[in-house]
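Scroll down for the structure; my scribbles are underneath it.
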Amino acid sequence: MGAVARVYRWEIAKLLAQKRTYLGLLAAMLVPVAFVVTLVINTKGGPNDIPLGRTIRETGLAVPFVVLFFMSFWAFPLITALVAGDIVAAETHNGTLKTILTRSRERGEVFVGKVLASVSYTIAVVFAMGVIAVVAGSLAWGFHPLTSLSGTKVSAPHAAGLLAASLAVYVLPLVGIASFGLMLSTITRHSAASVVGTLMWALLMQLLGVLPGTESIRPYLLGTQFDAWHGFLRTPADWVPVVRAVWVCALYMLVPLVAAYLVFLRRDVASE
């Protein structure tokens, strides 16, 4: 575990040295701010056709939930793809992988360190959005009780807890996207191809979810799991979509990570 921790810290340090890391994080924080400013300026309009959209001006706690809906289509998948699709492929471009492996690091330890770094970045981006959204929304409309999807009032502290749980569940399909990106990054060894391929795969999952005739498989598509957090905002809580998201996303994580791991173990780095 000590070796994995050292590799993990090294990977985090490398992420912090890249501009795309800060661009993704900045985008995640600016979107809710821009959203709130737009609604403050336009006092009559609003996202009335989406969950919690009609009550967004009642409390700042509604803002992150509404933003989650919009950012699941392209923003968060893109931010995730930019990091996960590059985290292994960049080693080929820079010729640094064989340098890492000469530091008494097992390939498995290096791989696990990269996976943990990708997951950590995904979690940081989502929760940063949530915090900024609550702050911006509370400054505009106050920190008041939240009206749930069932129409009942939820106290502000309780709603904040529901938000944390919702963000945690929302991270799951993003980690599934990151796992696919890491697999492409390992197999193709090309950053641009991995990033674009990961984003296209995420958009395909979204597209399949709205096509007619896909109703039977829709509950098991990765894109559908972005809505699992709705279960926390019902009274009583609906755990069916949450539990399904856990095991469905686990499969979307496990398959590409196992494939990437096997390729990584057999990778010839001597000639790179």
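Identifiers for the structure tokens are assigned positionally: chains receive A, B, ... in sequence, residues are indexed from 1 per chain, and ligands are indexed from 1 in the order shown.
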
Subject >> Who sits within 12 Å of His158 (chain A), only C-alpha atoms, same chain under 4 positions skipped, as a list in words >> reply: Leu61, Phe143, His144, Pro145, Leu146, Thr147, Ser148, Lys153, Val154, Leu162, Leu163, Ala164, Ala165, Phe232 and Leu233 of chain A

Could you turn the residues from that selection into a file that holds N, CA, C and O atoms, as a PDB file, in the first residue's frame?
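Printed below is part09.pdb as written:
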```
ATOM      1  N   LEU A  61     -30.115  25.715  -2.296  1.00  0.00           N
ATOM      2  CA  LEU A  61     -29.863  24.277  -2.278  1.00  0.00           C
ATOM      3  C   LEU A  61     -30.406  23.575  -3.523  1.00  0.00           C
ATOM      4  O   LEU A  61     -30.010  22.448  -3.823  1.00  0.00           O
ATOM      5  N   PHE A 143     -30.464  30.327   2.035  1.00  0.00           N
ATOM      6  CA  PHE A 143     -30.252  28.917   2.399  1.00  0.00           C
ATOM      7  C   PHE A 143     -31.495  28.440   3.135  1.00  0.00           C
ATOM      8  O   PHE A 143     -31.545  28.392   4.364  1.00  0.00           O
ATOM      9  N   HIS A 144     -32.524  28.093   2.369  1.00  0.00           N
ATOM     10  CA  HIS A 144     -33.832  27.768   2.921  1.00  0.00           C
ATOM     11  C   HIS A 144     -34.160  26.292   2.700  1.00  0.00           C
ATOM     12  O   HIS A 144     -33.446  25.591   1.982  1.00  0.00           O
ATOM     13  N   PRO A 145     -35.260  25.816   3.314  1.00  0.00           N
ATOM     14  CA  PRO A 145     -35.685  24.434   3.073  1.00  0.00           C
ATOM     15  C   PRO A 145     -35.916  24.167   1.590  1.00  0.00           C
ATOM     16  O   PRO A 145     -36.256  25.072   0.818  1.00  0.00           O
ATOM     17  N   LEU A 146     -35.783  22.909   1.220  1.00  0.00           N
ATOM     18  CA  LEU A 146     -35.893  22.492  -0.172  1.00  0.00           C
ATOM     19  C   LEU A 146     -37.198  21.728  -0.377  1.00  0.00           C
ATOM     20  O   LEU A 146     -37.592  20.916   0.461  1.00  0.00           O
ATOM     21  N   THR A 147     -37.868  22.005  -1.497  1.00  0.00           N
ATOM     22  CA  THR A 147     -39.060  21.253  -1.855  1.00  0.00           C
ATOM     23  C   THR A 147     -38.641  20.012  -2.626  1.00  0.00           C
ATOM     24  O   THR A 147     -38.047  20.106  -3.697  1.00  0.00           O
ATOM     25  N   SER A 148     -38.933  18.845  -2.087  1.00  0.00           N
ATOM     26  CA  SER A 148     -38.507  17.598  -2.713  1.00  0.00           C
ATOM     27  C   SER A 148     -39.325  17.310  -3.964  1.00  0.00           C
ATOM     28  O   SER A 148     -40.299  18.003  -4.272  1.00  0.00           O
ATOM     29  N   LYS A 153     -41.559  19.560   2.068  1.00  0.00           N
ATOM     30  CA  LYS A 153     -40.472  20.446   2.454  1.00  0.00           C
ATOM     31  C   LYS A 153     -39.415  19.671   3.244  1.00  0.00           C
ATOM     32  O   LYS A 153     -39.731  18.909   4.152  1.00  0.00           O
ATOM     33  N   VAL A 154     -38.170  19.896   2.885  1.00  0.00           N
ATOM     34  CA  VAL A 154     -37.039  19.263   3.557  1.00  0.00           C
ATOM     35  C   VAL A 154     -36.188  20.366   4.171  1.00  0.00           C
ATOM     36  O   VAL A 154     -35.848  21.342   3.491  1.00  0.00           O
ATOM     37  N   LEU A 162     -28.757  15.326   1.776  1.00  0.00           N
ATOM     38  CA  LEU A 162     -29.250  14.675   0.560  1.00  0.00           C
ATOM     39  C   LEU A 162     -28.415  15.076  -0.650  1.00  0.00           C
ATOM     40  O   LEU A 162     -28.187  14.268  -1.557  1.00  0.00           O
ATOM     41  N   LEU A 163     -27.951  16.319  -0.657  1.00  0.00           N
ATOM     42  CA  LEU A 163     -27.101  16.784  -1.752  1.00  0.00           C
ATOM     43  C   LEU A 163     -25.790  16.018  -1.767  1.00  0.00           C
ATOM     44  O   LEU A 163     -25.328  15.581  -2.832  1.00  0.00           O
ATOM     45  N   ALA A 164     -25.179  15.839  -0.598  1.00  0.00           N
ATOM     46  CA  ALA A 164     -23.918  15.094  -0.531  1.00  0.00           C
ATOM     47  C   ALA A 164     -24.109  13.662  -1.023  1.00  0.00           C
ATOM     48  O   ALA A 164     -23.286  13.141  -1.789  1.00  0.00           O
ATOM     49  N   ALA A 165     -25.210  13.025  -0.615  1.00  0.00           N
ATOM     50  CA  ALA A 165     -25.489  11.659  -1.071  1.00  0.00           C
ATOM     51  C   ALA A 165     -25.745  11.635  -2.571  1.00  0.00           C
ATOM     52  O   ALA A 165     -25.295  10.716  -3.279  1.00  0.00           O
ATOM     53  N   PHE A 232     -33.155  10.041  -3.932  1.00  0.00           N
ATOM     54  CA  PHE A 232     -32.942  10.654  -2.620  1.00  0.00           C
ATOM     55  C   PHE A 232     -33.911  11.813  -2.368  1.00  0.00           C
ATOM     56  O   PHE A 232     -34.113  12.211  -1.219  1.00  0.00           O
ATOM     57  N   LEU A 233     -34.479  12.363  -3.427  1.00  0.00           N
ATOM     58  CA  LEU A 233     -35.334  13.537  -3.280  1.00  0.00           C
ATOM     59  C   LEU A 233     -36.815  13.190  -3.308  1.00  0.00           C
ATOM     60  O   LEU A 233     -37.652  14.023  -3.625  1.00  0.00           O
TER      61      LEU A 233
END
```

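Distances here use only C-alpha atoms; by that measure, the residue among A:Val110, A:Leu39, A:Ala3, A:Ala117 closest to Leu265 (chain A) is A:Val110.
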
Subject >> Residue contacts of Val246 (chain A) (10 Å, only C-alpha atoms) excluding same-chain residues fewer than 6 positions away, as a VMD selection string >> reply: chain A and resid 169 172 to 173 225 228

Subject >> region 251-257 of chain A surroundings by only C-alpha atoms, 6 Å radius, close-in-sequence under 6 positions cut, as a list in words >> reply: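 My list of contacting residues is Gly176, Ser179, Phe180 and Met183 of chain A.
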
Let's have the selection written as an mmCIF file, in the first residue's frame, with C-alpha atoms.
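This went into part14.cif:
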```
data_model
loop_
_atom_site.group_PDB
_atom_site.id
_atom_site.type_symbol
_atom_site.label_atom_id
_atom_site.label_comp_id
_atom_site.auth_asym_id
_atom_site.auth_seq_id
_atom_site.Cartn_x
_atom_site.Cartn_y
_atom_site.Cartn_z
ATOM 1 C CA GLY A 176 -17.566 4.475 -15.339
ATOM 2 C CA SER A 179 -12.674 3.761 -16.534
ATOM 3 C CA PHE A 180 -13.502 3.542 -20.225
ATOM 4 C CA MET A 183 -8.837 1.704 -21.003
#
```

**OP:** Once DSSP has gone over the backbone, tell me which residues of region 35-258 of chain A are in helix (DSSP H, G or I), as number ranges by chain.
**Re:** A: 35-41, 53-55, 60-71, 75-84, 89-94, 97-101, 107-141, 156-188, 191-208, 218-220, 223-233, 240-258

May I have the selected residues written with C-alpha atoms, as a short mmCIF file (atom, residue, chain, number, x, y, z; two decimals), in the first residue's frame?
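Written file, again-v4.cif:
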```cif
data_model
loop_
_atom_site.label_atom_id
_atom_site.label_comp_id
_atom_site.auth_asym_id
_atom_site.auth_seq_id
_atom_site.Cartn_x
_atom_site.Cartn_y
_atom_site.Cartn_z
CA PHE A 35 -26.40 29.73 -14.21
CA VAL A 36 -27.30 31.70 -11.08
CA VAL A 37 -26.31 35.04 -12.62
CA THR A 38 -28.48 34.31 -15.66
CA LEU A 39 -31.49 33.53 -13.47
CA VAL A 40 -30.93 36.62 -11.33
CA ILE A 41 -30.86 38.82 -14.43
CA GLY A 53 -36.49 23.73 -11.82
CA ARG A 54 -39.74 25.37 -10.72
CA THR A 55 -38.51 25.91 -7.16
CA GLY A 60 -29.82 27.99 -3.12
CA LEU A 61 -29.86 24.28 -2.28
CA ALA A 62 -31.86 23.62 -5.46
CA VAL A 63 -29.14 25.01 -7.75
CA PRO A 64 -26.66 22.09 -7.67
CA PHE A 65 -29.44 19.60 -8.40
CA VAL A 66 -30.54 21.55 -11.46
CA VAL A 67 -26.96 22.01 -12.64
CA LEU A 68 -26.36 18.27 -12.29
CA PHE A 69 -29.07 17.67 -14.86
CA PHE A 70 -27.51 19.99 -17.44
CA MET A 71 -23.88 19.02 -16.91
CA ALA A 75 -19.83 18.93 -19.49
CA PHE A 76 -18.91 16.37 -16.85
CA PRO A 77 -18.23 13.59 -19.41
CA LEU A 78 -15.90 15.97 -21.25
CA ILE A 79 -14.07 17.02 -18.09
CA THR A 80 -13.69 13.39 -17.07
CA ALA A 81 -12.50 12.33 -20.53
CA LEU A 82 -9.83 15.04 -20.65
CA VAL A 83 -8.06 13.54 -17.65
CA ALA A 84 -8.82 9.81 -17.87
CA ALA A 89 -1.31 7.80 -23.03
CA ALA A 90 0.66 10.84 -21.90
CA GLU A 91 3.38 8.52 -20.61
CA THR A 92 4.00 7.31 -24.17
CA HIS A 93 4.18 10.86 -25.50
CA ASN A 94 6.57 11.97 -22.77
CA LEU A 97 6.55 5.23 -18.16
CA LYS A 98 9.78 3.25 -18.29
CA THR A 99 11.32 5.83 -15.96
CA ILE A 100 8.56 5.21 -13.42
CA LEU A 101 9.01 1.43 -13.67
CA ARG A 107 3.12 -2.34 -12.91
CA GLY A 108 0.07 -3.11 -10.82
CA GLU A 109 1.01 -0.38 -8.34
CA VAL A 110 1.45 2.16 -11.12
CA PHE A 111 -1.88 1.20 -12.66
CA VAL A 112 -3.76 1.42 -9.35
CA GLY A 113 -2.16 4.80 -8.67
CA LYS A 114 -3.42 6.12 -12.01
CA VAL A 115 -6.92 4.76 -11.40
CA LEU A 116 -7.10 6.38 -7.97
CA ALA A 117 -5.85 9.70 -9.35
CA SER A 118 -8.53 9.68 -12.07
CA VAL A 119 -11.26 8.83 -9.56
CA SER A 120 -10.05 11.50 -7.12
CA TYR A 121 -10.15 14.15 -9.82
CA THR A 122 -13.68 13.14 -10.82
CA ILE A 123 -14.88 13.35 -7.22
CA ALA A 124 -13.17 16.71 -6.69
CA VAL A 125 -14.76 18.22 -9.79
CA VAL A 126 -18.29 17.11 -8.92
CA PHE A 127 -18.15 18.19 -5.28
CA ALA A 128 -16.50 21.50 -6.19
CA MET A 129 -19.45 22.20 -8.46
CA GLY A 130 -21.85 21.31 -5.67
CA VAL A 131 -20.21 23.59 -3.12
CA ILE A 132 -19.95 26.56 -5.49
CA ALA A 133 -23.54 26.05 -6.66
CA VAL A 134 -24.86 26.10 -3.09
CA VAL A 135 -22.83 29.20 -2.23
CA ALA A 136 -23.86 31.09 -5.38
CA GLY A 137 -27.50 30.04 -5.05
CA SER A 138 -27.64 30.89 -1.34
CA LEU A 139 -26.23 34.35 -1.99
CA ALA A 140 -28.97 34.90 -4.55
CA TRP A 141 -31.98 33.26 -2.87
CA ALA A 156 -31.90 22.96 4.87
CA PRO A 157 -29.49 20.75 6.89
CA HIS A 158 -31.30 17.60 5.76
CA ALA A 159 -31.29 18.84 2.16
CA ALA A 160 -27.54 19.45 2.41
CA GLY A 161 -27.10 15.82 3.47
CA LEU A 162 -29.25 14.67 0.56
CA LEU A 163 -27.10 16.78 -1.75
CA ALA A 164 -23.92 15.09 -0.53
CA ALA A 165 -25.49 11.66 -1.07
CA SER A 166 -26.75 12.70 -4.51
CA LEU A 167 -23.32 13.93 -5.58
CA ALA A 168 -21.77 10.67 -4.40
CA VAL A 169 -24.20 8.64 -6.52
CA TYR A 170 -23.72 11.03 -9.44
CA VAL A 171 -19.99 10.34 -9.35
CA LEU A 172 -20.56 6.63 -10.07
CA PRO A 173 -21.40 6.89 -13.81
CA LEU A 174 -18.62 9.44 -14.21
CA VAL A 175 -16.16 6.92 -12.79
CA GLY A 176 -17.57 4.47 -15.34
CA ILE A 177 -16.70 6.98 -18.07
CA ALA A 178 -13.27 7.52 -16.54
CA SER A 179 -12.67 3.76 -16.53
CA PHE A 180 -13.50 3.54 -20.22
CA GLY A 181 -11.20 6.50 -20.92
CA LEU A 182 -8.38 4.89 -18.97
CA MET A 183 -8.84 1.70 -21.00
CA LEU A 184 -8.62 3.63 -24.29
CA SER A 185 -5.63 5.55 -22.97
CA THR A 186 -3.87 2.27 -22.18
CA ILE A 187 -4.74 0.52 -25.43
CA THR A 188 -4.33 3.33 -27.98
CA SER A 191 -4.22 11.08 -25.84
CA ALA A 192 -6.41 12.76 -28.46
CA ALA A 193 -7.90 9.48 -29.67
CA SER A 194 -8.60 8.39 -26.09
CA VAL A 195 -10.24 11.67 -25.08
CA VAL A 196 -12.42 11.88 -28.19
CA GLY A 197 -13.29 8.17 -28.03
CA THR A 198 -14.29 8.45 -24.37
CA LEU A 199 -16.48 11.48 -25.02
CA MET A 200 -18.16 9.84 -28.02
CA TRP A 201 -18.83 6.71 -25.98
CA ALA A 202 -20.41 8.78 -23.20
CA LEU A 203 -22.58 10.63 -25.72
CA LEU A 204 -23.58 7.31 -27.29
CA MET A 205 -24.81 6.13 -23.91
CA GLN A 206 -26.93 9.28 -23.69
CA LEU A 207 -28.26 8.83 -27.22
CA LEU A 208 -29.29 5.22 -26.66
CA ARG A 218 -32.58 1.84 -20.77
CA PRO A 219 -32.41 1.14 -17.00
CA TYR A 220 -29.02 -0.51 -17.52
CA GLY A 223 -26.31 7.47 -19.05
CA THR A 224 -29.48 6.53 -17.19
CA GLN A 225 -27.55 6.30 -13.93
CA PHE A 226 -27.01 10.07 -13.97
CA ASP A 227 -30.63 10.34 -12.79
CA ALA A 228 -30.29 7.89 -9.90
CA TRP A 229 -29.95 10.75 -7.41
CA HIS A 230 -33.64 11.53 -7.93
CA GLY A 231 -34.36 8.67 -5.53
CA PHE A 232 -32.94 10.65 -2.62
CA LEU A 233 -35.33 13.54 -3.28
CA VAL A 240 -34.35 1.27 -6.36
CA PRO A 241 -32.54 3.59 -8.82
CA VAL A 242 -29.74 4.19 -6.31
CA VAL A 243 -29.03 0.49 -5.74
CA ARG A 244 -29.27 -0.19 -9.47
CA ALA A 245 -26.81 2.61 -10.18
CA VAL A 246 -24.32 1.09 -7.75
CA TRP A 247 -24.14 -2.34 -9.37
CA VAL A 248 -24.66 -1.19 -12.97
CA CYS A 249 -21.88 1.39 -12.68
CA ALA A 250 -19.68 -1.20 -10.96
CA LEU A 251 -19.92 -3.34 -14.11
CA TYR A 252 -19.13 -0.36 -16.34
CA MET A 253 -16.07 0.27 -14.18
CA LEU A 254 -14.88 -3.30 -13.74
CA VAL A 255 -14.89 -4.48 -17.37
CA PRO A 256 -12.75 -1.69 -18.87
CA LEU A 257 -10.44 -1.55 -15.85
CA VAL A 258 -9.73 -5.29 -16.05
#
```

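Of the listed residues A:Leu26, A:Val88, A:Pro32, A:Ser155, the one whose atoms come nearest to Lys14 (chain A) is A:Val88, with distances taken using only C-alpha atoms.
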
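DSSP on the backbone gives strand (DSSP E or B) for these parts of region 107-196 of chain A: Leu146, Thr147, Lys153 and Val154 of chain A.
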
Print the selection's residues with C-alpha atoms to a file, as a PDB file, in the first residue's frame.
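Output saved as out_17.pdb:
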```
ATOM      1  CA  LEU A 146     -35.893  22.492  -0.172  1.00  0.00           C
ATOM      2  CA  THR A 147     -39.060  21.253  -1.855  1.00  0.00           C
ATOM      3  CA  LYS A 153     -40.472  20.446   2.454  1.00  0.00           C
ATOM      4  CA  VAL A 154     -37.039  19.263   3.557  1.00  0.00           C
TER       5      VAL A 154
END
```
